[in-house]
file query_28.txt (compact mmCIF, C-alpha atoms)
# COMPACT_ATOMS: atom_id res chain seq x y z
CA MET X 1 7.58 9.75 -64.17
CA THR X 2 8.81 13.11 -62.99
CA ARG X 3 11.82 12.81 -60.78
CA LEU X 4 12.85 15.42 -58.26
CA GLU X 5 16.11 17.03 -59.34
CA GLY X 6 16.60 19.79 -56.83
CA PHE X 7 15.53 22.95 -55.10
CA ALA X 8 15.21 26.58 -56.07
CA TYR X 9 15.57 29.25 -53.39
CA PRO X 10 13.92 32.42 -54.66
CA ARG X 11 14.67 35.56 -52.66
CA SER X 12 11.46 37.36 -53.63
CA VAL X 13 7.91 36.63 -54.78
CA GLU X 14 8.78 37.88 -58.24
CA GLU X 15 11.66 35.45 -58.47
CA ALA X 16 9.46 32.59 -57.22
CA LEU X 17 6.76 33.40 -59.79
CA ALA X 18 9.35 33.56 -62.55
CA ILE X 19 10.69 30.10 -61.67
CA LEU X 20 7.16 28.66 -61.55
CA ALA X 21 6.31 30.26 -64.91
CA GLU X 22 9.52 28.92 -66.47
CA SER X 23 8.68 25.28 -65.79
CA PRO X 24 4.91 24.95 -65.74
CA GLY X 25 3.82 21.65 -64.25
CA ASP X 26 7.39 20.83 -63.36
CA ALA X 27 8.05 23.21 -60.48
CA ARG X 28 6.12 22.98 -57.24
CA PRO X 29 6.15 25.44 -54.37
CA ILE X 30 7.10 24.15 -50.94
CA ALA X 31 6.55 26.13 -47.75
CA GLY X 32 6.69 24.28 -44.41
CA GLY X 33 6.68 20.96 -46.22
CA THR X 34 4.75 18.91 -43.64
CA GLU X 35 2.10 18.01 -46.21
CA LEU X 36 4.50 17.41 -49.08
CA VAL X 37 7.57 15.73 -47.64
CA LEU X 38 6.08 12.28 -47.08
CA ARG X 39 4.94 12.00 -50.70
CA VAL X 40 7.63 14.00 -52.44
CA GLU X 41 8.36 11.06 -54.75
CA ARG X 42 5.09 11.79 -56.54
CA GLY X 43 5.87 15.49 -56.80
CA ALA X 44 7.73 17.74 -59.15
CA ARG X 45 11.11 18.12 -60.81
CA VAL X 46 11.97 21.28 -58.87
CA LEU X 47 10.78 22.30 -55.41
CA VAL X 48 10.54 26.07 -55.13
CA ASP X 49 11.33 26.73 -51.47
CA LEU X 50 9.33 29.79 -50.45
CA SER X 51 10.89 30.09 -47.00
CA ARG X 52 13.42 32.72 -48.12
CA ALA X 53 11.12 34.75 -50.38
CA GLY X 54 10.23 37.33 -47.75
CA LEU X 55 6.60 36.19 -47.53
CA ASP X 56 6.47 35.70 -43.76
CA GLY X 57 5.70 39.22 -42.54
CA ILE X 58 2.77 40.00 -40.26
CA VAL X 59 1.74 43.63 -40.60
CA LEU X 60 -0.93 45.54 -38.73
CA GLU X 61 -2.51 48.40 -40.66
CA ALA X 62 -5.27 50.87 -39.82
CA ASP X 63 -8.16 48.56 -40.73
CA THR X 64 -6.59 45.24 -41.56
CA LEU X 65 -4.10 42.63 -40.45
CA ARG X 66 -1.94 41.32 -43.30
CA LEU X 67 -0.39 37.91 -42.80
CA GLY X 68 2.31 36.68 -45.18
CA ALA X 69 1.59 33.24 -46.60
CA THR X 70 4.73 31.66 -45.15
CA ALA X 71 4.27 33.01 -41.62
CA THR X 72 4.30 29.87 -39.46
CA LEU X 73 1.30 29.01 -37.33
CA ASP X 74 3.51 29.38 -34.26
CA ALA X 75 4.50 32.87 -35.34
CA VAL X 76 0.86 33.78 -35.96
CA ALA X 77 -0.24 32.40 -32.59
CA ARG X 78 2.43 34.36 -30.74
CA SER X 79 2.35 37.52 -32.84
CA ARG X 80 1.84 40.83 -31.05
CA ALA X 81 0.26 42.28 -34.21
CA VAL X 82 -2.29 39.43 -34.28
CA ALA X 83 -3.12 40.06 -30.61
CA GLU X 84 -3.43 43.80 -31.22
CA ALA X 85 -5.69 43.22 -34.20
CA GLY X 86 -8.14 41.51 -31.84
CA VAL X 87 -8.69 38.54 -34.14
CA GLU X 88 -8.98 36.05 -31.30
CA ALA X 89 -10.28 33.15 -33.42
CA LEU X 90 -7.20 33.22 -35.65
CA ALA X 91 -4.71 33.38 -32.76
CA GLU X 92 -6.50 30.48 -31.06
CA ALA X 93 -6.71 28.36 -34.22
CA ALA X 94 -3.06 28.97 -35.13
CA GLY X 95 -2.11 27.97 -31.58
CA ALA X 96 -4.22 24.79 -31.60
CA ALA X 97 -3.45 23.19 -34.97
CA ALA X 98 -1.27 20.06 -35.02
CA SER X 99 1.45 20.18 -32.32
CA ARG X 100 3.73 22.99 -31.20
CA ARG X 101 6.67 21.45 -33.07
CA LEU X 102 4.73 21.20 -36.32
CA ARG X 103 3.29 24.69 -35.84
CA ARG X 104 6.86 26.01 -36.13
CA GLN X 105 6.96 24.45 -39.59
CA ILE X 106 3.39 24.68 -40.94
CA THR X 107 2.68 27.98 -42.66
CA LEU X 108 -0.63 29.83 -42.72
CA GLY X 109 -0.77 29.76 -46.52
CA GLY X 110 0.14 26.08 -46.64
CA ASN X 111 -2.47 25.24 -44.01
CA LEU X 112 -5.13 26.84 -46.24
CA VAL X 113 -3.93 25.38 -49.52
CA ALA X 114 -3.55 21.84 -48.18
CA LEU X 115 -6.90 21.76 -46.33
CA ARG X 116 -5.98 18.72 -44.32
CA PRO X 117 -7.48 17.54 -41.00
CA TRP X 118 -5.07 19.89 -39.21
CA SER X 119 -6.18 22.96 -41.22
CA ASP X 120 -7.76 24.54 -38.17
CA THR X 121 -7.05 28.04 -39.41
CA ALA X 122 -9.64 27.64 -42.21
CA PRO X 123 -12.79 27.84 -40.05
CA ALA X 124 -11.26 30.72 -38.07
CA LEU X 125 -10.60 32.67 -41.27
CA LEU X 126 -14.11 31.83 -42.55
CA ALA X 127 -15.59 33.26 -39.35
CA LEU X 128 -13.37 36.35 -39.53
CA GLY X 129 -14.26 37.08 -43.15
CA ALA X 130 -10.68 36.92 -44.45
CA THR X 131 -9.49 37.57 -47.98
CA VAL X 132 -6.81 35.50 -49.72
CA ARG X 133 -4.45 37.39 -51.98
CA LEU X 134 -2.94 35.45 -54.88
CA ARG X 135 -0.22 36.34 -57.33
CA GLY X 136 0.62 34.80 -60.63
CA ALA X 137 2.56 35.71 -63.72
CA ASP X 138 -0.49 37.64 -64.97
CA GLY X 139 -0.89 39.75 -61.85
CA SER X 140 -2.62 39.54 -58.53
CA ARG X 141 -6.18 38.95 -57.41
CA ALA X 142 -8.07 38.76 -54.15
CA VAL X 143 -10.46 35.91 -53.36
CA ALA X 144 -12.90 35.75 -50.46
CA ILE X 145 -11.96 32.93 -48.11
CA ASP X 146 -15.40 31.33 -48.65
CA ASP X 147 -14.76 30.98 -52.39
CA PHE X 148 -11.17 29.86 -51.86
CA VAL X 149 -12.15 27.09 -49.45
CA ALA X 150 -15.36 26.04 -51.26
CA ARG X 151 -13.49 24.89 -54.37
CA HIS X 152 -10.77 23.30 -52.25
CA SER X 153 -8.02 25.82 -52.00
CA SER X 154 -5.52 23.93 -54.14
CA GLN X 155 -7.97 23.94 -57.07
CA GLY X 156 -8.73 27.63 -56.60
CA LEU X 157 -5.13 28.29 -57.59
CA ARG X 158 -4.23 28.71 -61.25
CA PRO X 159 -1.04 27.08 -62.55
CA GLY X 160 1.97 29.03 -61.39
CA GLU X 161 -0.07 31.05 -58.92
CA LEU X 162 0.90 31.53 -55.28
CA VAL X 163 -0.99 32.48 -52.14
CA VAL X 164 0.98 35.52 -51.01
CA GLU X 165 -1.07 36.99 -48.22
CA ILE X 166 -4.12 36.50 -46.02
CA VAL X 167 -5.89 39.71 -45.06
CA VAL X 168 -8.17 39.85 -42.02
CA PRO X 169 -10.23 42.85 -40.89
CA ARG X 170 -9.17 44.24 -37.50
CA ALA X 171 -11.70 43.75 -34.75
CA ALA X 172 -14.12 46.67 -34.55
CA PRO X 173 -15.86 47.76 -31.34
CA ARG X 174 -18.72 45.45 -30.35
CA THR X 175 -17.28 42.53 -32.31
CA GLY X 176 -15.67 39.38 -30.95
CA SER X 177 -14.53 35.97 -32.15
CA ALA X 178 -13.46 32.61 -30.77
CA PHE X 179 -12.14 29.22 -31.88
CA LEU X 180 -12.15 25.77 -30.28
CA LYS X 181 -10.80 22.44 -31.44
CA PHE X 182 -11.47 18.94 -30.15
CA ALA X 183 -9.10 16.04 -30.79
CA ARG X 184 -8.35 12.86 -28.85
CA SER X 185 -4.93 14.23 -27.88
CA ALA X 186 -2.99 17.43 -28.41
CA VAL X 187 -1.26 15.94 -31.46
CA ASP X 188 -4.08 13.92 -33.04
CA TYR X 189 -6.23 14.95 -36.00
CA THR X 190 -9.08 17.35 -35.33
CA LEU X 191 -12.41 15.56 -34.78
CA CYS X 192 -14.28 18.83 -34.94
CA ASP X 193 -13.35 22.48 -34.65
CA ALA X 194 -15.54 25.56 -34.61
CA ALA X 195 -15.09 29.31 -34.96
CA ALA X 196 -17.52 32.16 -34.50
CA TRP X 197 -17.52 35.90 -35.09
CA VAL X 198 -20.30 38.22 -33.92
CA ARG X 199 -21.10 41.91 -34.22
CA LEU X 200 -23.49 43.34 -31.66
CA ASP X 201 -25.93 46.01 -32.73
CA GLY X 202 -27.69 47.68 -29.80
CA GLY X 203 -29.02 44.86 -27.64
CA ALA X 204 -29.03 42.29 -30.43
CA ILE X 205 -26.68 40.34 -32.65
CA GLY X 206 -26.32 42.41 -35.81
CA GLU X 207 -24.32 39.87 -37.76
CA ALA X 208 -22.70 36.50 -37.08
CA ARG X 209 -20.48 34.08 -38.94
CA VAL X 210 -20.08 30.49 -37.77
CA ALA X 211 -17.78 27.92 -39.37
CA VAL X 212 -16.73 24.37 -38.58
CA GLY X 213 -14.00 22.01 -39.74
CA GLY X 214 -12.88 18.45 -39.28
CA LEU X 215 -16.34 17.06 -40.00
CA ARG X 216 -16.10 16.39 -43.72
CA PRO X 217 -13.50 17.03 -46.39
CA LEU X 218 -13.94 20.82 -46.44
CA PRO X 219 -14.49 23.37 -43.67
CA ALA X 220 -17.77 25.24 -44.09
CA ARG X 221 -19.97 28.02 -42.77
CA LEU X 222 -23.16 27.01 -40.94
CA ALA X 223 -25.87 29.18 -42.49
CA ALA X 224 -28.65 27.82 -40.26
CA ALA X 225 -26.73 28.83 -37.13
CA GLU X 226 -26.04 32.28 -38.56
CA ARG X 227 -29.73 32.81 -39.43
CA ALA X 228 -30.75 31.76 -35.93
CA LEU X 229 -28.52 34.49 -34.45
CA SER X 230 -29.18 37.46 -36.67
CA GLY X 231 -31.32 40.17 -35.02
CA ARG X 232 -31.79 38.22 -31.78
CA ALA X 233 -30.58 39.05 -28.27
CA PRO X 234 -27.30 37.27 -27.45
CA ASP X 235 -28.76 35.30 -24.54
CA PRO X 236 -27.79 31.72 -23.68
CA GLU X 237 -31.02 30.28 -25.12
CA THR X 238 -30.46 31.95 -28.50
CA LEU X 239 -26.86 30.78 -28.67
CA ALA X 240 -27.81 27.21 -27.71
CA ALA X 241 -30.61 27.15 -30.30
CA ALA X 242 -28.28 28.48 -32.99
CA ALA X 243 -25.67 25.86 -32.12
CA ALA X 244 -28.30 23.11 -32.32
CA ALA X 245 -29.50 24.41 -35.69
CA GLY X 246 -25.93 24.53 -36.96
CA ALA X 247 -25.12 21.02 -35.76
CA GLY X 248 -28.33 19.72 -37.34
CA GLU X 249 -27.41 21.25 -40.65
CA ALA X 250 -23.70 20.36 -40.76
CA GLU X 251 -22.59 17.84 -43.35
CA ILE X 252 -20.66 15.23 -41.42
CA SER X 253 -18.80 12.11 -42.46
CA ALA X 254 -17.54 9.30 -40.26
CA ASP X 255 -14.09 7.72 -40.11
CA PHE X 256 -12.36 5.30 -37.76
CA ARG X 257 -11.84 8.12 -35.24
CA ALA X 258 -15.47 9.05 -34.69
CA SER X 259 -19.03 8.37 -35.84
CA VAL X 260 -21.37 10.89 -37.45
CA GLU X 261 -23.49 10.97 -34.27
CA TYR X 262 -20.51 11.70 -32.02
CA ARG X 263 -19.20 14.41 -34.32
CA ARG X 264 -22.64 16.04 -34.53
CA GLU X 265 -22.82 16.15 -30.74
CA LEU X 266 -19.31 17.64 -30.57
CA CYS X 267 -20.19 20.17 -33.24
CA GLY X 268 -23.20 21.46 -31.26
CA VAL X 269 -21.20 21.80 -28.05
CA LEU X 270 -18.22 23.52 -29.69
CA VAL X 271 -20.38 25.94 -31.67
CA ARG X 272 -22.31 26.91 -28.54
CA ARG X 273 -19.07 27.50 -26.62
CA VAL X 274 -17.40 29.60 -29.32
CA LEU X 275 -20.57 31.68 -29.62
CA GLU X 276 -20.64 32.29 -25.87
CA THR X 277 -17.00 33.38 -25.88
CA ALA X 278 -17.35 35.52 -29.00
CA VAL X 279 -20.36 37.33 -27.51
CA ARG X 280 -18.55 37.90 -24.21
CA ARG X 281 -15.59 39.37 -26.08
CA ALA X 282 -17.85 41.57 -28.21
CA LEU X 283 -19.54 42.90 -25.07
CA GLY X 284 -16.13 43.69 -23.60
CA ARG X 285 -14.80 45.43 -26.71
CA THR X 286 -16.23 48.88 -26.25
CA ALA X 287 -13.60 50.78 -28.22
CA MET H 1 22.23 17.47 -54.97
CA ARG H 2 24.80 19.33 -52.90
CA VAL H 3 23.69 20.46 -49.43
CA GLU H 4 25.77 22.62 -47.12
CA LEU H 5 24.84 22.59 -43.45
CA THR H 6 26.42 23.44 -40.15
CA ILE H 7 26.03 20.46 -37.85
CA ASN H 8 26.89 21.02 -34.21
CA GLY H 9 29.06 23.98 -35.11
CA VAL H 10 30.95 22.25 -37.92
CA PRO H 11 30.29 23.28 -41.56
CA ARG H 12 29.67 20.18 -43.65
CA VAL H 13 28.91 19.44 -47.29
CA PHE H 14 26.83 16.46 -48.42
CA GLU H 15 25.95 15.01 -51.80
CA VAL H 16 22.47 13.50 -51.48
CA PRO H 17 19.48 12.58 -53.66
CA PRO H 18 17.13 15.61 -53.61
CA GLU H 19 14.31 13.69 -51.90
CA THR H 20 16.55 12.94 -48.88
CA ARG H 21 15.00 13.90 -45.59
CA LEU H 22 17.00 15.62 -42.87
CA ILE H 23 16.65 12.64 -40.50
CA ASP H 24 18.27 10.33 -43.07
CA LEU H 25 21.09 12.74 -43.81
CA LEU H 26 21.82 13.15 -40.11
CA ARG H 27 21.67 9.45 -39.23
CA GLU H 28 23.15 7.81 -42.31
CA GLN H 29 25.67 10.39 -43.49
CA ALA H 30 26.51 12.70 -40.59
CA GLY H 31 26.69 9.92 -38.00
CA CYS H 32 24.23 11.58 -35.62
CA ARG H 33 22.54 8.43 -34.33
CA SER H 34 20.99 10.33 -31.41
CA VAL H 35 18.35 11.44 -33.91
CA LYS H 36 15.79 8.67 -33.48
CA ARG H 37 13.53 7.22 -36.13
CA GLY H 38 10.13 6.90 -34.48
CA CYS H 39 6.78 7.47 -36.18
CA GLU H 40 8.34 9.09 -39.26
CA SER H 41 5.25 11.25 -39.61
CA GLY H 42 5.98 14.18 -37.31
CA ASP H 43 3.95 12.97 -34.34
CA CYS H 44 6.29 11.36 -31.79
CA GLY H 45 9.10 13.89 -31.31
CA ALA H 46 11.93 11.33 -31.29
CA CYS H 47 13.61 12.83 -34.39
CA THR H 48 13.54 16.42 -33.11
CA VAL H 49 16.61 18.53 -33.91
CA LEU H 50 17.30 22.24 -33.56
CA VAL H 51 17.28 24.18 -36.83
CA ASP H 52 18.70 27.64 -36.18
CA GLY H 53 17.80 27.01 -32.55
CA ARG H 54 14.18 25.98 -33.15
CA PRO H 55 13.06 22.40 -32.45
CA LEU H 56 11.65 20.80 -35.62
CA ALA H 57 10.78 17.26 -36.74
CA SER H 58 13.68 16.10 -38.92
CA CYS H 59 11.47 13.37 -40.44
CA LEU H 60 9.22 16.00 -42.03
CA LEU H 61 11.98 18.16 -43.49
CA LEU H 62 13.84 17.60 -46.70
CA ALA H 63 17.56 18.23 -46.43
CA GLY H 64 17.19 20.85 -49.16
CA GLN H 65 14.79 22.85 -46.97
CA VAL H 66 17.46 23.41 -44.34
CA ALA H 67 20.37 24.14 -46.67
CA GLY H 68 22.66 26.71 -45.09
CA ARG H 69 21.03 26.37 -41.66
CA ARG H 70 22.60 25.49 -38.31
CA ILE H 71 21.58 22.04 -37.05
CA THR H 72 22.05 20.98 -33.44
CA THR H 73 21.71 17.39 -32.25
CA VAL H 74 22.40 15.88 -28.83
CA GLU H 75 25.94 15.05 -29.98
CA GLY H 76 26.54 18.80 -30.02
CA LEU H 77 25.42 19.38 -26.44
CA GLY H 78 27.57 17.08 -24.37
CA THR H 79 29.52 13.85 -24.06
CA PRO H 80 29.47 11.05 -21.47
CA ASP H 81 32.49 12.76 -19.82
CA ARG H 82 31.11 16.26 -20.04
CA PRO H 83 27.32 15.93 -20.06
CA HIS H 84 25.03 18.90 -20.48
CA PRO H 85 23.17 19.78 -17.23
CA LEU H 86 19.93 18.65 -18.90
CA MET H 87 21.44 15.20 -19.50
CA THR H 88 22.64 14.89 -15.90
CA ALA H 89 19.31 16.03 -14.50
CA LEU H 90 17.31 13.63 -16.68
CA VAL H 91 19.46 10.68 -15.56
CA GLU H 92 19.35 11.66 -11.90
CA ALA H 93 15.57 12.16 -11.97
CA GLY H 94 15.08 8.64 -13.34
CA ALA H 95 13.44 10.11 -16.43
CA VAL H 96 15.38 7.78 -18.72
CA GLN H 97 14.34 4.17 -19.15
CA CYS H 98 14.68 2.94 -22.72
CA GLY H 99 15.93 6.41 -23.66
CA PHE H 100 14.46 6.54 -27.15
CA CYS H 101 12.50 9.76 -26.59
CA ILE H 102 15.21 11.49 -24.56
CA PRO H 103 17.37 13.13 -27.28
CA GLY H 104 14.34 14.91 -28.69
CA MET H 105 13.22 15.98 -25.23
CA ILE H 106 16.69 17.32 -24.45
CA LEU H 107 16.70 19.48 -27.58
CA SER H 108 13.21 20.88 -27.02
CA ALA H 109 14.18 21.61 -23.41
CA LYS H 110 17.43 23.23 -24.56
CA ALA H 111 15.50 25.52 -26.92
CA LEU H 112 13.18 26.45 -24.06
CA LEU H 113 16.03 27.27 -21.66
CA ASP H 114 17.86 29.30 -24.32
CA GLU H 115 14.76 31.45 -24.62
CA ASN H 116 13.65 31.38 -20.99
CA PRO H 117 16.23 30.37 -18.33
CA ASN H 118 13.60 30.49 -15.59
CA PRO H 119 10.61 28.49 -16.90
CA THR H 120 7.52 27.45 -14.97
CA ALA H 121 6.37 23.82 -14.92
CA GLN H 122 3.70 24.84 -17.43
CA ASP H 123 6.35 26.30 -19.77
CA VAL H 124 8.23 22.98 -19.59
CA ARG H 125 5.04 21.00 -20.25
CA GLU H 126 4.39 23.09 -23.35
CA ALA H 127 7.98 22.73 -24.53
CA LEU H 128 7.82 18.94 -24.19
CA ASP H 129 4.37 18.75 -25.82
CA GLY H 130 4.45 16.15 -28.57
CA HIS H 131 7.39 14.16 -27.19
CA LEU H 132 5.87 10.74 -26.66
CA CYS H 133 7.42 8.57 -23.93
CA ARG H 134 6.23 5.00 -23.47
CA CYS H 135 8.37 4.19 -20.40
CA THR H 136 8.63 6.54 -17.46
CA GLY H 137 5.81 8.95 -18.19
CA TYR H 138 5.87 12.69 -18.21
CA VAL H 139 6.37 13.82 -14.62
CA LYS H 140 10.07 13.04 -14.19
CA PRO H 141 11.22 14.73 -17.41
CA ILE H 142 9.41 17.91 -16.34
CA GLU H 143 11.04 17.79 -12.89
CA ALA H 144 14.41 17.17 -14.50
CA VAL H 145 14.18 20.15 -16.84
CA LEU H 146 13.19 22.43 -13.96
CA GLU H 147 16.12 21.08 -11.92
CA ALA H 148 18.55 21.58 -14.81
CA ALA H 149 17.28 25.12 -15.28
CA ALA H 150 17.90 25.86 -11.60
CA ARG H 151 21.43 24.42 -11.74
CA MET H 152 22.22 26.33 -14.92
CA ARG H 153 21.06 29.58 -13.32
CA VAL H 154 23.29 28.95 -10.28
CA ALA H 155 26.23 28.10 -12.55
CA GLY H 156 25.52 31.23 -14.57
CA GLU H 157 25.57 33.39 -11.45
CA GLY H 158 28.88 31.79 -10.44
CA GLY H 159 30.40 33.38 -13.55
CA ARG H 160 31.04 30.14 -15.44
call {"tool": "encode", "arguments": {"input": "query_28.txt", "output": "C-alpha cells"}}
result
Amino acid sequence: MTRLEGFAYPRSVEEALAILAESPGDARPIAGGTELVLRVERGARVLVDLSRAGLDGIVLEADTLRLGATATLDAVARSRAVAEAGVEALAEAAGAAASRRLRRQITLGGNLVALRPWSDTAPALLALGATVRLRGADGSRAVAIDDFVARHSSQGLRPGELVVEIVVPRAAPRTGSAFLKFARSAVDYTLCDAAAWVRLDGGAIGEARVAVGGLRPLPARLAAAERALSGRAPDPETLAAAAAAGAGEAEISADFRASVEYRRELCGVLVRRVLETAVRRALGRTA
Amino acid sequence: MRVELTINGVPRVFEVPPETRLIDLLREQAGCRSVKRGCESGDCGACTVLVDGRPLASCLLLAGQVAGRRITTVEGLGTPDRPHPLMTALVEAGAVQCGFCIPGMILSAKALLDENPNPTAQDVREALDGHLCRCTGYVKPIEAVLEAAARMRVAGEGGR
C-alpha cells in the first residue's frame, strides 16, 4: 500500500507539472483539501500542494473572465472582477456552496474535479458555457465544461494533468444568468440546484442554457427545457412550461435526504425561478 | 515530516506523520485544547482556527497544508485574567452554556471584527454561519459580538 511520505510545495505550474511527471501515480495534487483530507490514507506518496503555485488569480479581460483553478469559492463569490464580468450564476453558486468557512478552503478547480454534492459551481458553469483549461507535461488543452463534467471531471484528466484555469465569457448585452440552491440547512448537502443563462433576441429568447445538480451523480444540462425556451417570448407561461419540461426530463436518484418525487418538484420550482431571474437580468442589461 | 508553524505568535517546529491533521497537531502536540473536536467533517465549526487571519476548519486541513502559516487559537486571544472583549461579552450575554462551540465562534467573530470593526447584525450572522450550538441558541452570541464590537470601538477611540 502506498504510504504518504510528505508534501511538495511547487511555486509555479511548471514546477507542479514537473513533480507530477516525475512520480506518475505516486504524486497527487491537493488544493483546498476538503475532499481529500478525510481519506488521505488511501492517497498518494506525495501530496503536491497547489496553494502556492500562483494559480489563484481572477483576471477580467475584454471578452472573458479567467479564474485560476485554486481561487477559493469565497474569493470568487466576493471578487470585483466576477461582479464586473456580469456572470451572476457563478457568483451566486460560489457563494452558496457548502458553508462560508469551507468556501474559504474549497477551490473552484477542486469543486469541478471532485464533483461532489457541494459542487454547486458545476451547473453554473454549464449554464454560462465555460471552458476548462488543462495543462500537462505534453502541453495544454481546452475542454468545454459539458465534456469535462459528462465524463466525470476526474476521469477527463490525463495522468499528471492539472486544471489550471476556468474561462467564462463576459456577459453580453441582453444576456443574464442566475443560480439557486436548495438544501435542508445552509451547511447541508445540496438537494437540488439550478442555473440558467439566457440571451434575448428581439422580443424572444434567442438562446438558453439550463443546468441542474444535486439530483444524480453528475450535474447536467436540461435539453428539453432549453428547447422549450428557444425562439419563444420570455413570458411567465413559457418559463413555467420550460421548467416543467426540464423537471420531467431530469434524471433523478433518491437518497436518505429526499425522494425522487420531492427532488423533481424542487427541480421544477428552482428552474422556473432561475429562468425568471435570468430573463429579468437580461432585460436590464442593455449595454 | 517536519512542519514549521507560528502558533499564537510563537514560531514552533513539529515532527509529525504526514497525514496528521491540523486539529490533531494543535490539540495533541501544541497543547491548544481550546480547539474542539466536534463533527470532524468540517460541518460544526467547533475546530475553527485562524490561518493567516482567516477562519478555517482545522479538522479538514492537513498540517502540511498550513506549513509556514500563522495559526491563531483562543489561547492566543486572552486569558482568564485578561480576557478578550469578545470573551467577556459572550459570558455577560449568557451565550455560553456548555461552551463547546464558543472557541470557534470567538475566532470567527475576531476575524470579522479585524476586517470590519462596525458590523451589522447580518454581518455577524454571516460570520457565525456554520457554528453549531446545541445549548443557548444563536441570538445571544450575535448580541454579544455586537456588544464586543461596540466596546472595542470605544476603547479604540480612547487611544488604548
call {"tool": "interface_residues", "arguments": {"input": "query_28.txt", "of": "chain H", "to": "chain X", "cutoff": "10 Å", "atoms": "only C-alpha atoms", "output": "PyMOL selection string"}}
result
chain H and resi 1-2+17-21+40-45+48+54-57+59-62+64-67+108+126-131
call {"tool": "closest_residue", "arguments": {"input": "query_28.txt", "among": "X:Arg28, X:Arg280, X:Arg273, X:Arg66", "to": "X:Glu161", "atoms": "only C-alpha atoms"}}
result
X:Arg28
call {"tool": "residues_around", "arguments": {"input": "query_28.txt", "residues": "H:Pro103", "least_positions_apart": "2", "cutoff": "10 Å", "atoms": "only C-alpha atoms", "output": "list in words"}}
result
Arg33, Ser34, Val35, Lys36, Gly45, Ala46, Cys47, Thr48, Val49, Thr73, Val74, Glu75, Met87, Gly99, Phe100, Cys101, Met105, Ile106, Leu107, Ser108 and Ala109 of chain H
call {"tool": "residues_around", "arguments": {"input": "query_28.txt", "residues": "H:Pro11", "least_positions_apart": "3", "cutoff": "10 Å", "atoms": "all atoms listed in the file", "output": "mmCIF file with C-alpha atoms, in the coordinates of the input"}}
result
data_model
loop_
_atom_site.group_PDB
_atom_site.id
_atom_site.type_symbol
_atom_site.label_atom_id
_atom_site.label_comp_id
_atom_site.auth_asym_id
_atom_site.auth_seq_id
_atom_site.Cartn_x
_atom_site.Cartn_y
_atom_site.Cartn_z
ATOM 1 C CA GLU H 4 25.770 22.620 -47.120
ATOM 2 C CA LEU H 5 24.840 22.590 -43.450
ATOM 3 C CA THR H 6 26.420 23.440 -40.150
ATOM 4 C CA ILE H 7 26.030 20.460 -37.850
ATOM 5 C CA ASN H 8 26.890 21.020 -34.210
ATOM 6 C CA GLY H 68 22.660 26.710 -45.090
ATOM 7 C CA ARG H 69 21.030 26.370 -41.660
ATOM 8 C CA ARG H 70 22.600 25.490 -38.310
ATOM 9 C CA ILE H 71 21.580 22.040 -37.050
#
call {"tool": "atom_distance", "arguments": {"input": "query_28.txt", "atom1": "atom CA of X:Ala223", "atom2": "atom CA of X:Val269"}}
result
16.9 Å
call {"tool": "residues_around", "arguments": {"input": "query_28.txt", "residues": "X:Pro236", "least_positions_apart": "3", "cutoff": "10 Å", "atoms": "only C-alpha atoms", "output": "PyMOL selection string"}}
result
chain X and resi 233+239-242+272+275-276
call {"tool": "atom_distance", "arguments": {"input": "query_28.txt", "atom1": "atom CA of X:Lys181", "atom2": "atom CA of X:Ile205"}}
result
24.0 Å
call {"tool": "atom_distance", "arguments": {"input": "query_28.txt", "atom1": "atom CA of X:Asn111", "atom2": "atom CA of X:Pro29"}}
result
13.5 Å
call {"tool": "residues_around", "arguments": {"input": "query_28.txt", "residues": "stretch 52-58 of chain X", "least_positions_apart": "5", "cutoff": "9 Å", "atoms": "only C-alpha atoms", "output": "PyMOL selection string"}}
result
chain X and resi 9-16+65-72+75-76+79+81-82+107+164-165
call {"tool": "axis_aligned_box", "arguments": {"input": "query_28.txt", "around": "stretch 131-147 of chain X", "padding_each_side": "5 Å", "output": "lines of an AutoDock Vina configuration file"}}
result
center_x = -6.4
center_y = 35.4
center_z = -56.5
size_x = 28.0
size_y = 18.8
size_z = 27.0
call {"tool": "residues_around", "arguments": {"input": "query_28.txt", "residues": "X:Ala247", "least_positions_apart": "2", "cutoff": "7 Å", "atoms": "all atoms listed in the file", "output": "list in words"}}
result
Ala243, Ala244, Ala245, Glu249, Ala250, Arg264, Cys267 and Gly268 of chain X
call {"tool": "closest_atom_pairs", "arguments": {"input": "query_28.txt", "of": "stretch 11-106 of chain H", "to": "stretch 135-156 of chain H", "cutoff": "10 Å", "atoms": "all atoms listed in the file", "output": "CSV"}}
result
residue,atom,partner,partner_atom,distance
H:His84,CA,H:Ala148,CA,9.0
H:Pro85,CA,H:Ala148,CA,5.5
H:Leu86,CA,H:Ala148,CA,5.2
H:Met87,CA,H:Ala148,CA,8.4
H:Thr88,CA,H:Ala148,CA,7.9
H:Ala89,CA,H:Ala144,CA,5.0
H:Leu90,CA,H:Ala144,CA,5.1
H:Val91,CA,H:Ala144,CA,8.3
H:Glu92,CA,H:Ala144,CA,7.8
H:Ala93,CA,H:Ala144,CA,5.7
H:Gly94,CA,H:Lys140,CA,6.7
H:Ala95,CA,H:Lys140,CA,5.0
H:Val96,CA,H:Thr136,CA,7.0
H:Gln97,CA,H:Cys135,CA,6.1
H:Cys98,CA,H:Cys135,CA,6.8
H:Gly99,CA,H:Cys135,CA,8.5
H:Phe100,CA,H:Cys135,CA,9.4
H:Cys101,CA,H:Cys135,CA,9.3
H:Ile102,CA,H:Pro141,CA,8.8
H:Met105,CA,H:Pro141,CA,8.2
H:Ile106,CA,H:Val145,CA,8.5
